[in-house]
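Structure data (CSV, C-alpha atoms) from start.csv:
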chain,number,residue,atom,x,y,z
R,1152,MET,CA,14.3,61.3,1.6
R,1153,LYS,CA,16.2,58.2,2.6
R,1154,TRP,CA,15.8,59.0,6.3
R,1155,VAL,CA,12.1,59.6,5.8
R,1156,LYS,CA,11.6,56.2,4.1
R,1157,GLN,CA,13.5,54.4,6.9
R,1158,SER,CA,11.5,56.3,9.6
R,1159,TRP,CA,8.2,55.4,8.0
R,1160,LYS,CA,9.2,51.7,7.8
R,1161,SER,CA,10.3,51.8,11.5
R,1162,TRP,CA,7.0,53.5,12.5
R,1163,VAL,CA,5.0,50.7,10.7
R,1164,LEU,CA,7.0,47.9,12.3
R,1165,ARG,CA,6.6,49.5,15.8
R,1166,ARG,CA,2.9,50.1,15.6
R,1167,VAL,CA,1.4,47.4,13.3
R,1168,PRO,CA,1.1,44.0,15.0
R,1169,LYS,CA,3.1,41.2,13.4
R,1170,ALA,CA,-0.1,39.1,13.0
R,1171,LEU,CA,-1.7,41.9,11.0
R,1172,LEU,CA,1.4,42.0,8.8
R,1173,THR,CA,1.2,38.3,8.3
R,1174,VAL,CA,-2.5,38.6,7.2
R,1175,ALA,CA,-1.6,41.3,4.8
R,1176,LEU,CA,1.2,39.3,3.3
R,1177,GLY,CA,-1.0,36.3,3.1
R,1178,SER,CA,-3.6,38.4,1.3
R,1179,VAL,CA,-1.1,39.4,-1.3
R,1180,ILE,CA,0.3,35.9,-1.8
R,1181,LEU,CA,-3.1,34.1,-1.9
R,1182,GLY,CA,-4.9,36.7,-4.0
R,1183,LEU,CA,-7.7,37.5,-1.6
R,1184,GLY,CA,-8.8,40.2,-3.9
R,1185,GLY,CA,-10.0,37.6,-6.3
R,1186,CYS,CA,-8.1,38.9,-9.4
R,1187,ILE,CA,-7.2,35.3,-10.2
R,1188,SER,CA,-9.6,32.4,-10.1
R,1189,VAL,CA,-9.2,28.7,-10.0
R,1190,PRO,CA,-10.4,27.0,-13.2
R,1191,VAL,CA,-13.3,24.7,-12.4
R,1192,THR,CA,-16.2,23.1,-14.3
R,1193,TYR,CA,-19.5,24.1,-12.7
R,1194,ALA,CA,-22.4,21.6,-12.7
R,1195,THR,CA,-25.7,22.5,-14.3
R,1196,PRO,CA,-28.2,24.4,-12.1
R,1197,GLU,CA,-30.4,21.3,-12.2
R,1198,ALA,CA,-27.6,19.0,-10.9
R,1199,ASP,CA,-26.8,21.6,-8.2
R,1200,ALA,CA,-30.4,21.8,-7.0
R,1201,GLU,CA,-30.8,18.0,-7.0
R,1202,ALA,CA,-27.5,17.5,-5.0
R,1203,LYS,CA,-28.8,20.0,-2.4
R,1204,GLN,CA,-31.8,17.7,-1.7
R,1205,PHE,CA,-29.2,15.5,0.2
R,1206,LYS,CA,-30.5,12.1,-0.9
R,1207,CYS,CA,-28.2,9.1,-1.0
R,1208,PRO,CA,-28.5,6.7,-4.0
R,1209,GLU,CA,-29.7,3.2,-3.1
R,1210,GLY,CA,-26.8,0.8,-2.2
R,1211,LEU,CA,-24.2,3.5,-2.3
R,1212,SER,CA,-22.7,6.1,0.1
R,1213,ARG,CA,-22.7,9.8,-0.8
R,1214,ILE,CA,-19.8,12.0,0.2
R,1215,TYR,CA,-20.0,15.8,0.0
R,1216,VAL,CA,-16.7,17.7,0.0
R,1217,PHE,CA,-17.2,21.5,0.4
R,1218,ARG,CA,-15.0,24.6,0.7
R,1219,ASP,CA,-17.2,27.4,1.8
R,1220,GLU,CA,-14.8,30.2,2.5
R,1221,ASN,CA,-13.5,33.1,0.5
R,1222,PHE,CA,-10.0,33.0,2.0
R,1223,GLY,CA,-7.4,32.0,-0.5
R,1224,TYR,CA,-9.8,32.7,-3.4
R,1225,SER,CA,-7.1,32.2,-6.1
R,1226,HIS,CA,-5.4,29.2,-4.3
R,1227,PRO,CA,-6.6,25.8,-5.5
R,1228,LEU,CA,-7.0,22.9,-3.1
R,1229,THR,CA,-6.3,19.6,-4.8
R,1230,LEU,CA,-8.3,16.5,-3.7
R,1231,SER,CA,-7.3,12.8,-4.1
R,1232,ILE,CA,-9.3,9.8,-3.1
R,1233,ASP,CA,-7.3,6.6,-2.4
R,1234,GLU,CA,-4.3,8.2,-4.0
R,1235,GLN,CA,-6.2,9.0,-7.2
R,1236,ARG,CA,-6.2,12.6,-8.0
R,1237,ILE,CA,-9.7,13.9,-8.5
R,1238,GLY,CA,-9.3,17.6,-9.2
R,1239,ASP,CA,-9.1,21.1,-7.7
R,1240,PHE,CA,-11.5,23.0,-5.4
R,1241,ALA,CA,-11.9,26.7,-5.6
R,1242,ALA,CA,-13.4,28.8,-2.8
R,1243,MET,CA,-17.2,28.5,-2.4
R,1244,THR,CA,-17.4,25.2,-4.3
R,1245,TYR,CA,-18.4,21.6,-3.5
R,1246,GLY,CA,-18.3,18.2,-5.1
R,1247,VAL,CA,-20.4,15.1,-4.7
R,1248,PHE,CA,-19.0,11.5,-4.8
R,1249,ASP,CA,-21.2,8.4,-4.8
R,1250,VAL,CA,-19.1,5.5,-3.8
R,1251,ARG,CA,-19.5,1.9,-2.9
R,1252,PRO,CA,-19.4,1.0,0.8
R,1253,GLY,CA,-15.9,0.8,2.2
R,1254,SER,CA,-13.0,2.9,3.6
R,1255,TYR,CA,-11.7,5.7,1.5
R,1256,GLU,CA,-8.6,7.9,2.1
R,1257,PHE,CA,-9.2,11.6,1.2
R,1258,THR,CA,-6.1,13.7,0.8
R,1259,SER,CA,-5.5,17.4,0.0
R,1260,ILE,CA,-2.0,18.6,-0.8
R,1261,THR,CA,-0.7,22.1,-1.2
R,1262,PRO,CA,3.0,22.9,-1.7
R,1263,GLU,CA,3.2,23.8,2.0
R,1264,ALA,CA,0.8,21.4,3.7
R,1265,THR,CA,-0.9,18.0,3.5
R,1266,ALA,CA,-4.2,17.0,5.1
R,1267,GLN,CA,-5.5,13.4,5.2
R,1268,LEU,CA,-8.8,11.9,6.4
R,1269,LEU,CA,-10.0,8.3,6.4
R,1270,VAL,CA,-13.8,8.0,5.8
R,1271,ASP,CA,-15.9,4.9,6.4
R,1272,ALA,CA,-18.6,5.0,3.8
R,1273,GLU,CA,-21.7,3.0,4.7
R,1274,ALA,CA,-24.6,2.2,2.3
R,1275,GLY,CA,-27.3,4.7,2.6
R,1276,LYS,CA,-25.2,7.1,4.7
R,1277,ILE,CA,-24.2,10.7,3.7
R,1278,ASN,CA,-20.8,12.1,4.9
R,1279,TYR,CA,-19.8,15.7,4.8
R,1280,LEU,CA,-16.1,16.7,4.5
R,1281,TRP,CA,-15.0,20.3,5.1
R,1282,LEU,CA,-12.0,21.2,3.0
R,1283,GLU,CA,-10.7,24.3,4.8
R,1284,MET,CA,-7.8,26.7,4.1
R,1285,LYS,CA,-6.4,28.6,7.1
R,1286,LEU,CA,-3.6,31.1,7.4
R,1287,GLY,CA,-0.5,29.9,9.2
R,1288,TRP,CA,2.2,32.1,10.5
R,1289,MET,CA,4.1,32.1,7.2
R,1290,TYR,CA,2.2,29.8,4.9
R,1291,PRO,CA,-1.4,28.8,4.3
R,1292,ARG,CA,-2.6,25.6,6.0
R,1293,VAL,CA,-5.2,23.1,4.8
R,1294,ARG,CA,-7.6,21.1,7.0
R,1295,LEU,CA,-9.8,18.2,5.9
R,1296,HIS,CA,-12.3,17.2,8.6
R,1297,GLN,CA,-15.6,15.4,8.8
R,1298,VAL,CA,-18.5,17.5,10.2
R,1299,GLU,CA,-22.1,16.9,11.4
R,1300,ASP,CA,-25.0,17.0,9.0
R,1301,GLN,CA,-26.2,20.5,9.9
R,1302,ARG,CA,-22.8,22.1,9.3
R,1303,GLY,CA,-22.2,20.0,6.2
R,1304,GLN,CA,-25.6,21.0,4.6
R,1305,THR,CA,-25.0,24.6,5.5
R,1306,GLY,CA,-21.6,24.6,3.8
R,1307,VAL,CA,-22.9,22.9,0.7
R,1308,LYS,CA,-25.9,25.3,0.4
R,1309,ARG,CA,-23.6,28.2,0.5
R,1310,SER,CA,-21.4,26.8,-2.3
R,1311,LYS,CA,-21.7,26.0,-6.0
R,1312,MET,CA,-21.4,22.5,-7.3
R,1313,ILE,CA,-18.5,21.6,-9.5
R,1314,THR,CA,-18.0,18.3,-11.5
R,1315,PHE,CA,-15.2,15.9,-12.0
R,1316,ALA,CA,-14.7,12.7,-14.0
R,1317,LYS,CA,-16.5,9.8,-12.4
R,1318,ALA,CA,-14.9,8.9,-9.2
R,1319,GLY,CA,-15.3,5.3,-7.9
R,1320,ARG,CA,-13.3,2.5,-6.4
R,1321,ALA,CA,-10.6,2.4,-9.0
R,1322,GLU,CA,-13.0,1.8,-11.9
R,1323,ARG,CA,-11.5,4.3,-14.3
R,1324,GLY,CA,-7.9,3.4,-13.6
R,1325,VAL,CA,-5.1,5.1,-11.8
R,1326,GLN,CA,-1.5,6.0,-12.5
R,1327,GLY,CA,0.7,2.8,-12.6
R,1328,THR,CA,3.3,0.7,-14.3
R,1329,ALA,CA,3.3,-2.1,-16.9
R,1330,TRP,CA,6.1,-4.3,-18.1
R,1331,LEU,CA,6.9,-6.4,-21.2
R,1332,VAL,CA,6.5,-10.2,-20.6
R,1333,SER,CA,6.7,-11.2,-24.3
R,1334,PRO,CA,7.5,-9.3,-27.5
R,1335,LYS,CA,4.0,-7.9,-27.6
R,1336,HIS,CA,2.4,-8.7,-24.2
R,1337,TRP,CA,2.4,-6.5,-21.1
R,1338,VAL,CA,1.5,-7.1,-17.5
R,1339,THR,CA,0.0,-4.7,-14.9
R,1340,ASN,CA,-2.6,-4.5,-12.1
R,1341,ARG,CA,-6.3,-4.6,-12.8
R,1342,HIS,CA,-6.8,-1.7,-10.5
R,1343,VAL,CA,-4.4,0.4,-12.6
R,1344,VAL,CA,-6.4,-0.3,-15.8
R,1345,GLY,CA,-9.9,-0.2,-14.3
R,1346,ASP,CA,-12.7,-0.8,-16.7
R,1347,ARG,CA,-10.9,0.4,-19.7
R,1348,LYS,CA,-10.4,-1.8,-22.8
R,1349,LEU,CA,-7.7,0.4,-24.5
R,1350,VAL,CA,-4.6,1.4,-22.5
R,1351,LYS,CA,-1.8,3.8,-23.5
R,1352,LEU,CA,1.7,3.0,-22.3
R,1353,VAL,CA,4.6,5.5,-22.3
R,1354,GLY,CA,8.3,4.6,-21.9
R,1355,SER,CA,11.0,6.6,-20.2
R,1356,ASP,CA,12.2,7.8,-23.6
R,1357,GLY,CA,8.8,8.9,-24.6
R,1358,THR,CA,7.9,5.9,-26.7
R,1359,VAL,CA,4.1,5.5,-26.8
R,1360,VAL,CA,2.5,2.1,-27.1
R,1361,GLU,CA,-1.3,1.5,-27.7
R,1362,THR,CA,-2.5,-1.7,-26.1
R,1363,ARG,CA,-5.8,-3.4,-25.5
R,1364,VAL,CA,-6.9,-5.7,-22.6
R,1365,LEU,CA,-6.4,-9.4,-23.5
R,1366,ALA,CA,-7.1,-11.0,-20.1
R,1367,SER,CA,-8.2,-9.7,-16.7
R,1368,ASP,CA,-8.2,-11.3,-13.3
R,1369,VAL,CA,-10.1,-9.2,-10.8
R,1370,ALA,CA,-9.6,-11.5,-7.9
R,1371,ASN,CA,-5.8,-11.4,-8.2
R,1372,ASP,CA,-5.6,-7.9,-9.5
R,1373,LEU,CA,-3.9,-8.8,-12.7
R,1374,VAL,CA,-4.3,-7.7,-16.4
R,1375,VAL,CA,-2.5,-8.9,-19.5
R,1376,LEU,CA,-2.3,-6.3,-22.4
R,1377,VAL,CA,-1.4,-6.9,-26.0
R,1378,ALA,CA,0.0,-4.4,-28.5
R,1379,ASP,CA,-0.9,-4.9,-32.2
R,1380,ALA,CA,2.1,-2.7,-33.1
R,1381,PRO,CA,4.7,-3.3,-30.4
R,1382,PRO,CA,8.0,-1.4,-30.4
R,1383,ARG,CA,11.0,-3.2,-31.6
R,1384,GLY,CA,14.3,-3.7,-29.8
R,1385,LEU,CA,12.9,-4.3,-26.3
R,1386,THR,CA,13.9,-7.4,-24.2
R,1387,PRO,CA,11.0,-8.9,-22.3
R,1388,ILE,CA,11.4,-9.6,-18.6
R,1389,PRO,CA,11.5,-13.4,-17.9
R,1390,LEU,CA,9.5,-15.0,-15.1
R,1391,ALA,CA,11.2,-16.8,-12.3
R,1392,ALA,CA,10.8,-20.5,-12.3
R,1393,GLY,CA,10.6,-20.7,-8.5
R,1394,ALA,CA,9.5,-18.6,-5.6
R,1395,PRO,CA,12.1,-16.5,-3.7
R,1396,LYS,CA,13.1,-17.1,-0.1
R,1397,VAL,CA,12.5,-14.9,2.9
R,1398,GLY,CA,15.5,-12.5,3.1
R,1399,GLU,CA,16.2,-12.7,-0.6
R,1400,ARG,CA,17.2,-9.5,-2.3
R,1401,VAL,CA,14.6,-8.0,-4.7
R,1402,VAL,CA,14.3,-4.8,-6.8
R,1403,ALA,CA,11.2,-3.0,-8.0
R,1404,ILE,CA,11.0,-0.9,-11.1
R,1405,GLY,CA,8.2,1.5,-11.7
R,1406,PHE,CA,6.9,5.1,-12.2
R,1407,PRO,CA,6.1,6.3,-8.6
R,1408,LEU,CA,4.3,9.6,-8.5
R,1409,ALA,CA,5.3,10.4,-12.1
R,1410,ASP,CA,3.6,13.8,-12.1
R,1411,VAL,CA,5.8,14.8,-9.2
R,1412,MET,CA,9.0,12.6,-9.3
R,1413,GLY,CA,9.4,12.7,-13.1
R,1414,SER,CA,8.7,10.6,-16.2
R,1415,GLU,CA,11.7,8.2,-16.0
R,1416,ALA,CA,11.5,4.8,-14.4
R,1417,LYS,CA,12.7,4.4,-10.9
R,1418,LEU,CA,14.4,1.5,-9.1
R,1419,THR,CA,14.2,0.7,-5.4
R,1420,SER,CA,15.6,-2.3,-3.6
R,1421,GLY,CA,14.7,-4.4,-0.5
R,1422,ASP,CA,14.2,-7.9,0.7
R,1423,ILE,CA,11.4,-10.5,0.7
R,1424,SER,CA,9.9,-10.1,4.2
R,1425,SER,CA,7.3,-12.8,4.1
R,1426,LEU,CA,5.9,-15.4,1.7
R,1427,SER,CA,2.3,-14.3,2.5
R,1428,GLY,CA,0.4,-11.1,2.8
R,1429,ILE,CA,-2.2,-9.5,5.1
R,1430,ALA,CA,-4.0,-12.1,7.1
R,1431,ASP,CA,-1.6,-14.7,5.7
R,1432,ASP,CA,-2.8,-14.2,2.1
R,1433,PRO,CA,-0.9,-16.9,0.1
R,1434,ARG,CA,-1.2,-15.0,-3.2
R,1435,VAL,CA,1.3,-12.3,-2.4
R,1436,PHE,CA,4.8,-11.6,-1.1
R,1437,GLN,CA,5.5,-8.9,1.4
R,1438,PHE,CA,8.7,-7.0,0.6
R,1439,SER,CA,10.6,-4.0,1.9
R,1440,ALA,CA,11.5,-2.0,-1.3
R,1441,PRO,CA,9.9,1.4,-1.1
R,1442,VAL,CA,7.0,1.9,-3.5
R,1443,GLN,CA,4.6,4.8,-4.0
R,1444,PRO,CA,1.4,5.4,-6.0
R,1445,GLY,CA,2.3,4.8,-9.6
R,1446,SER,CA,4.5,1.8,-8.7
R,1447,SER,CA,1.5,-0.6,-8.9
R,1448,GLY,CA,1.8,-3.1,-11.8
R,1449,GLY,CA,5.6,-3.0,-12.0
R,1450,PRO,CA,7.9,-6.0,-11.8
R,1451,LEU,CA,9.4,-7.2,-8.6
R,1452,MET,CA,12.6,-8.9,-9.7
R,1453,ASN,CA,15.2,-11.2,-8.1
R,1454,SER,CA,18.9,-10.8,-8.4
R,1455,SER,CA,18.9,-12.8,-11.6
R,1456,GLY,CA,16.7,-10.2,-13.3
R,1457,GLN,CA,13.6,-12.4,-13.3
R,1458,ALA,CA,10.1,-11.3,-12.2
R,1459,VAL,CA,9.0,-13.0,-9.0
R,1460,GLY,CA,5.9,-10.8,-8.5
R,1461,ILE,CA,3.8,-7.9,-9.7
R,1462,VAL,CA,3.9,-4.9,-7.3
R,1463,THR,CA,0.3,-4.3,-6.2
R,1464,SER,CA,0.1,-2.3,-3.0
R,1465,LYS,CA,1.7,-1.0,0.2
R,1466,LEU,CA,0.3,-1.0,3.7
R,1467,ASN,CA,-2.0,2.0,4.2
R,1468,TRP,CA,-0.3,3.7,7.2
R,1469,LEU,CA,-3.2,6.0,8.2
R,1470,PRO,CA,-5.7,3.4,9.5
R,1471,VAL,CA,-2.8,1.3,11.0
R,1472,ALA,CA,-1.5,4.4,12.8
R,1473,LYS,CA,-4.9,5.2,14.1
R,1474,ALA,CA,-5.5,1.7,15.4
R,1475,SER,CA,-2.0,1.0,16.8
R,1476,GLY,CA,-0.3,4.4,17.3
R,1477,ALA,CA,2.6,3.3,15.1
R,1478,ILE,CA,3.4,4.2,11.5
R,1479,PRO,CA,4.4,1.1,9.5
R,1480,GLU,CA,7.5,1.4,7.3
R,1481,GLY,CA,8.8,-0.7,4.4
R,1482,VAL,CA,5.6,-2.9,4.0
R,1483,ALA,CA,4.6,-3.5,0.4
R,1484,TYR,CA,3.0,-6.4,-1.4
R,1485,ALA,CA,3.4,-8.1,-4.8
R,1486,VAL,CA,1.2,-10.8,-6.4
R,1487,LYS,CA,3.2,-14.0,-7.1
R,1488,VAL,CA,3.9,-14.7,-10.8
R,1489,ALA,CA,2.4,-18.2,-10.2
R,1490,TYR,CA,-1.0,-16.4,-10.4
R,1491,LEU,CA,0.0,-14.7,-13.6
R,1492,ARG,CA,1.1,-17.8,-15.5
R,1493,PRO,CA,-2.4,-19.2,-16.2
R,1494,MET,CA,-3.2,-15.9,-18.0
R,1495,LEU,CA,-0.2,-16.4,-20.3
R,1496,GLU,CA,-1.1,-19.8,-21.6
R,1497,GLY,CA,-0.4,-20.1,-25.4
R,1498,ILE,CA,2.0,-17.1,-25.3
R,1499,THR,CA,5.7,-17.7,-26.0
R,1500,LEU,CA,7.7,-16.4,-23.0
R,1501,PRO,CA,11.4,-15.7,-22.8
R,1502,ALA,CA,13.5,-18.4,-21.0
R,1503,GLY,CA,14.3,-17.6,-17.4
R,1504,ALA,CA,16.8,-20.3,-16.7
R,1505,ASP,CA,19.9,-18.0,-16.3
R,1506,THR,CA,20.5,-17.7,-12.6
R,1507,SER,CA,23.7,-15.5,-12.7
R,1508,GLN,CA,23.7,-12.8,-10.1
R,1509,MET,CA,23.4,-9.2,-11.1
R,1510,SER,CA,23.7,-5.9,-9.3
R,1511,PRO,CA,20.6,-3.6,-9.2
R,1512,ALA,CA,22.4,-1.3,-11.7
R,1513,GLN,CA,22.8,-4.3,-14.1
R,1514,ILE,CA,19.2,-5.3,-13.6
R,1515,PHE,CA,18.0,-1.8,-14.4
R,1516,GLN,CA,20.2,-1.6,-17.5
R,1517,MET,CA,18.8,-4.9,-18.7
R,1518,ALA,CA,15.1,-4.4,-17.8
R,1519,GLY,CA,14.5,-0.7,-17.4
R,1520,ALA,CA,13.5,-0.1,-21.0
R,1521,ALA,CA,10.9,-2.8,-20.8
R,1522,VAL,CA,9.0,-1.0,-18.0
R,1523,PHE,CA,6.5,1.6,-19.2
R,1524,ARG,CA,4.2,4.1,-17.5
R,1525,VAL,CA,0.4,3.5,-17.7
R,1526,GLU,CA,-1.4,6.6,-18.6
R,1527,PRO,CA,-4.5,7.0,-16.3
Same coordinates, now as structure tokens:
Amino acid sequence: MKWVKQSWKSWVLRRVPKALLTVALGSVILGLGGCISVPVTYATPEADAEAKQFKCPEGLSRIYVFRDENFGYSHPLTLSIDEQRIGDFAAMTYGVFDVRPGSYEFTSITPEATAQLLVDAEAGKINYLWLEMKLGWMYPRVRLHQVEDQRGQTGVKRSKMITFAKAGRAERGVQGTAWLVSPKHWVTNRHVVGDRKLVKLVGSDGTVVETRVLASDVANDLVVLVADAPPRGLTPIPLAAGAPKVGERVVAIGFPLADVMGSEAKLTSGDISSLSGIADDPRVFQFSAPVQPGSSGGPLMNSSGQAVGIVTSKLNWLPVAKASGAIPEGVAYAVKVAYLRPMLEGITLPAGADTSQMSPAQIFQMAGAAVFRVEP
């Protein structure tokens, strides 16, 4: 019997092409039989029918994202817009996004592959994005590409509309970081909070703080939050009295990609690269400490443990790479605390006169507990 089994296996391996075996294996892994389905929320028939009229709202740009294949039926494809997770697409589904004019980065990530696409959204224009799963030699691959109107409308008509929370240019807030600037006041970015009035903060130890927006500065991307019942025992982070110099060492504390990298605060270190930002913007510093989505709003601190800036963004490598052929590295920006101070008038702040030098480990030990994750 053992010899028969081995002979059967040898016969199969000799006569069945490897590509066919790969397809068969992929079918098992990806559930092509459809026994498992991706949980999605379908739109009403009326909304589906209206979307398939392919009309663009006045003053906005409409973007259809569709996945019109049955391959990988049980395998979800996650979509993010400008690093903000939107949701999962199942096979034979599509979504509609009405956005303001501008450039948007669409990303789809699976455990094995990542696809990115930069879309220029123009007022009155409709764009069609095909989210496609393909079988690789060992693992599935995902493609995200823009297609012409005829192909896009065909794909949408073949699919069923699914709905997500309202997607816009950071109006509903994204994952980010906030830090304590006084015993009951917190600082973060406006794009992290979005249009919300109530914001939940979570510390590395699981402490939850309910806050409300006290002051907002859209132009400089800053928000001050206040907690009516702040936690006790936390030491606020002092503001630096003066600006750092080019080459000065700085550290950033935040919650980068918390859903992937974990729920504890992370520290990175680097240097002040420039006293101005893109196009010589005087409101921000450029620095080299690595930051990721979720770091926004966190403190950028000097070696005395004082905040010199509020981490706000990093250079988007995709359009730069397309324009120059080079991928920028270590380019991030922080709004200067000078633009924060007017928002804190009348609030008692901790003294920041101590200029003793500390190691990054000492800074984290002193300030880490005062840095919280912003719940999106």
Quiz prompt | Which residue of R:Lys1311, R:Thr1305, R:Pro1387, R:Ser1254 approaches Leu1331 in chain R most closely, using all atoms listed in the file | solution = R:Pro1387
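Using only C-alpha atoms, the nearest neighbour of Val1359 in chain R within the list R:Leu1211, R:Leu1268, R:Val1375, R:Val1522 is R:Val1522.
The residues that lie within 12 Å of the point (7.6, 9.4, -8.9), counting all atoms listed in the file, are Gln1326, Gly1327, Thr1328, Ile1404, Gly1405, Phe1406, Pro1407, Leu1408, Ala1409, Asp1410, Val1411, Met1412, Gly1413, Ser1414, Glu1415, Ala1416, Lys1417, Leu1418, Thr1419, Pro1441, Val1442, Gln1443, Pro1444, Gly1445, Ser1446, Ser1447 and Arg1524 of chain R.
Between Asp1300 in chain R and the residues R:Val1350, R:Leu1426, R:Ile1277, R:Leu1466, the shortest atom-to-atom distance, using only C-alpha atoms, involves R:Ile1277.
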Self-check item: Of the listed residues R:Val1250, R:Val1525, R:Ala1272, R:Ala1483, that which approaches Gly1448 in chain R most closely, counting all atoms listed in the file
Solution: R:Val1525
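Using all atoms listed in the file for every distance, the candidate list R:Gln1513, R:Ser1333, R:Thr1339, R:Ser1367 yields R:Ser1333 as the residue closest to Pro1381 in chain R.
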Would you pick out the contacts of Lys1203 in chain R at 8 Å or less, using all atoms listed in the file, so that residues sharing its chain but fewer than 5 positions from it are not included, and give the list as a tab-separated table (two decimals) with C-alpha atoms, in the frame of the given file?
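In the end it all went to part_8.tsv:
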chain	number	residue	atom	x	y	z
R	1304	GLN	CA	-25.60	21.00	4.60
R	1307	VAL	CA	-22.90	22.90	0.70
R	1308	LYS	CA	-25.90	25.30	0.40
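In this model, the gap between CA of Ile1260 in chain R and CA of Leu1228 in chain R comes to 7.0 Å.
Using all atoms listed in the file, the smallest distance between any of R:Thr1362, R:Ser1427, R:Ser1510, R:Asn1371 and Glu1526 in chain R comes from R:Thr1362.
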Practice problem: Might you pull out every residue within 10 Å of range 1429-1434 of chain R, with all atoms listed in the file counted and same-chain residues fewer than 4 positions away left off, and present them as a ChimeraX atom specification? | Solution: /R:1371,1425,1460,1466,1484-1490
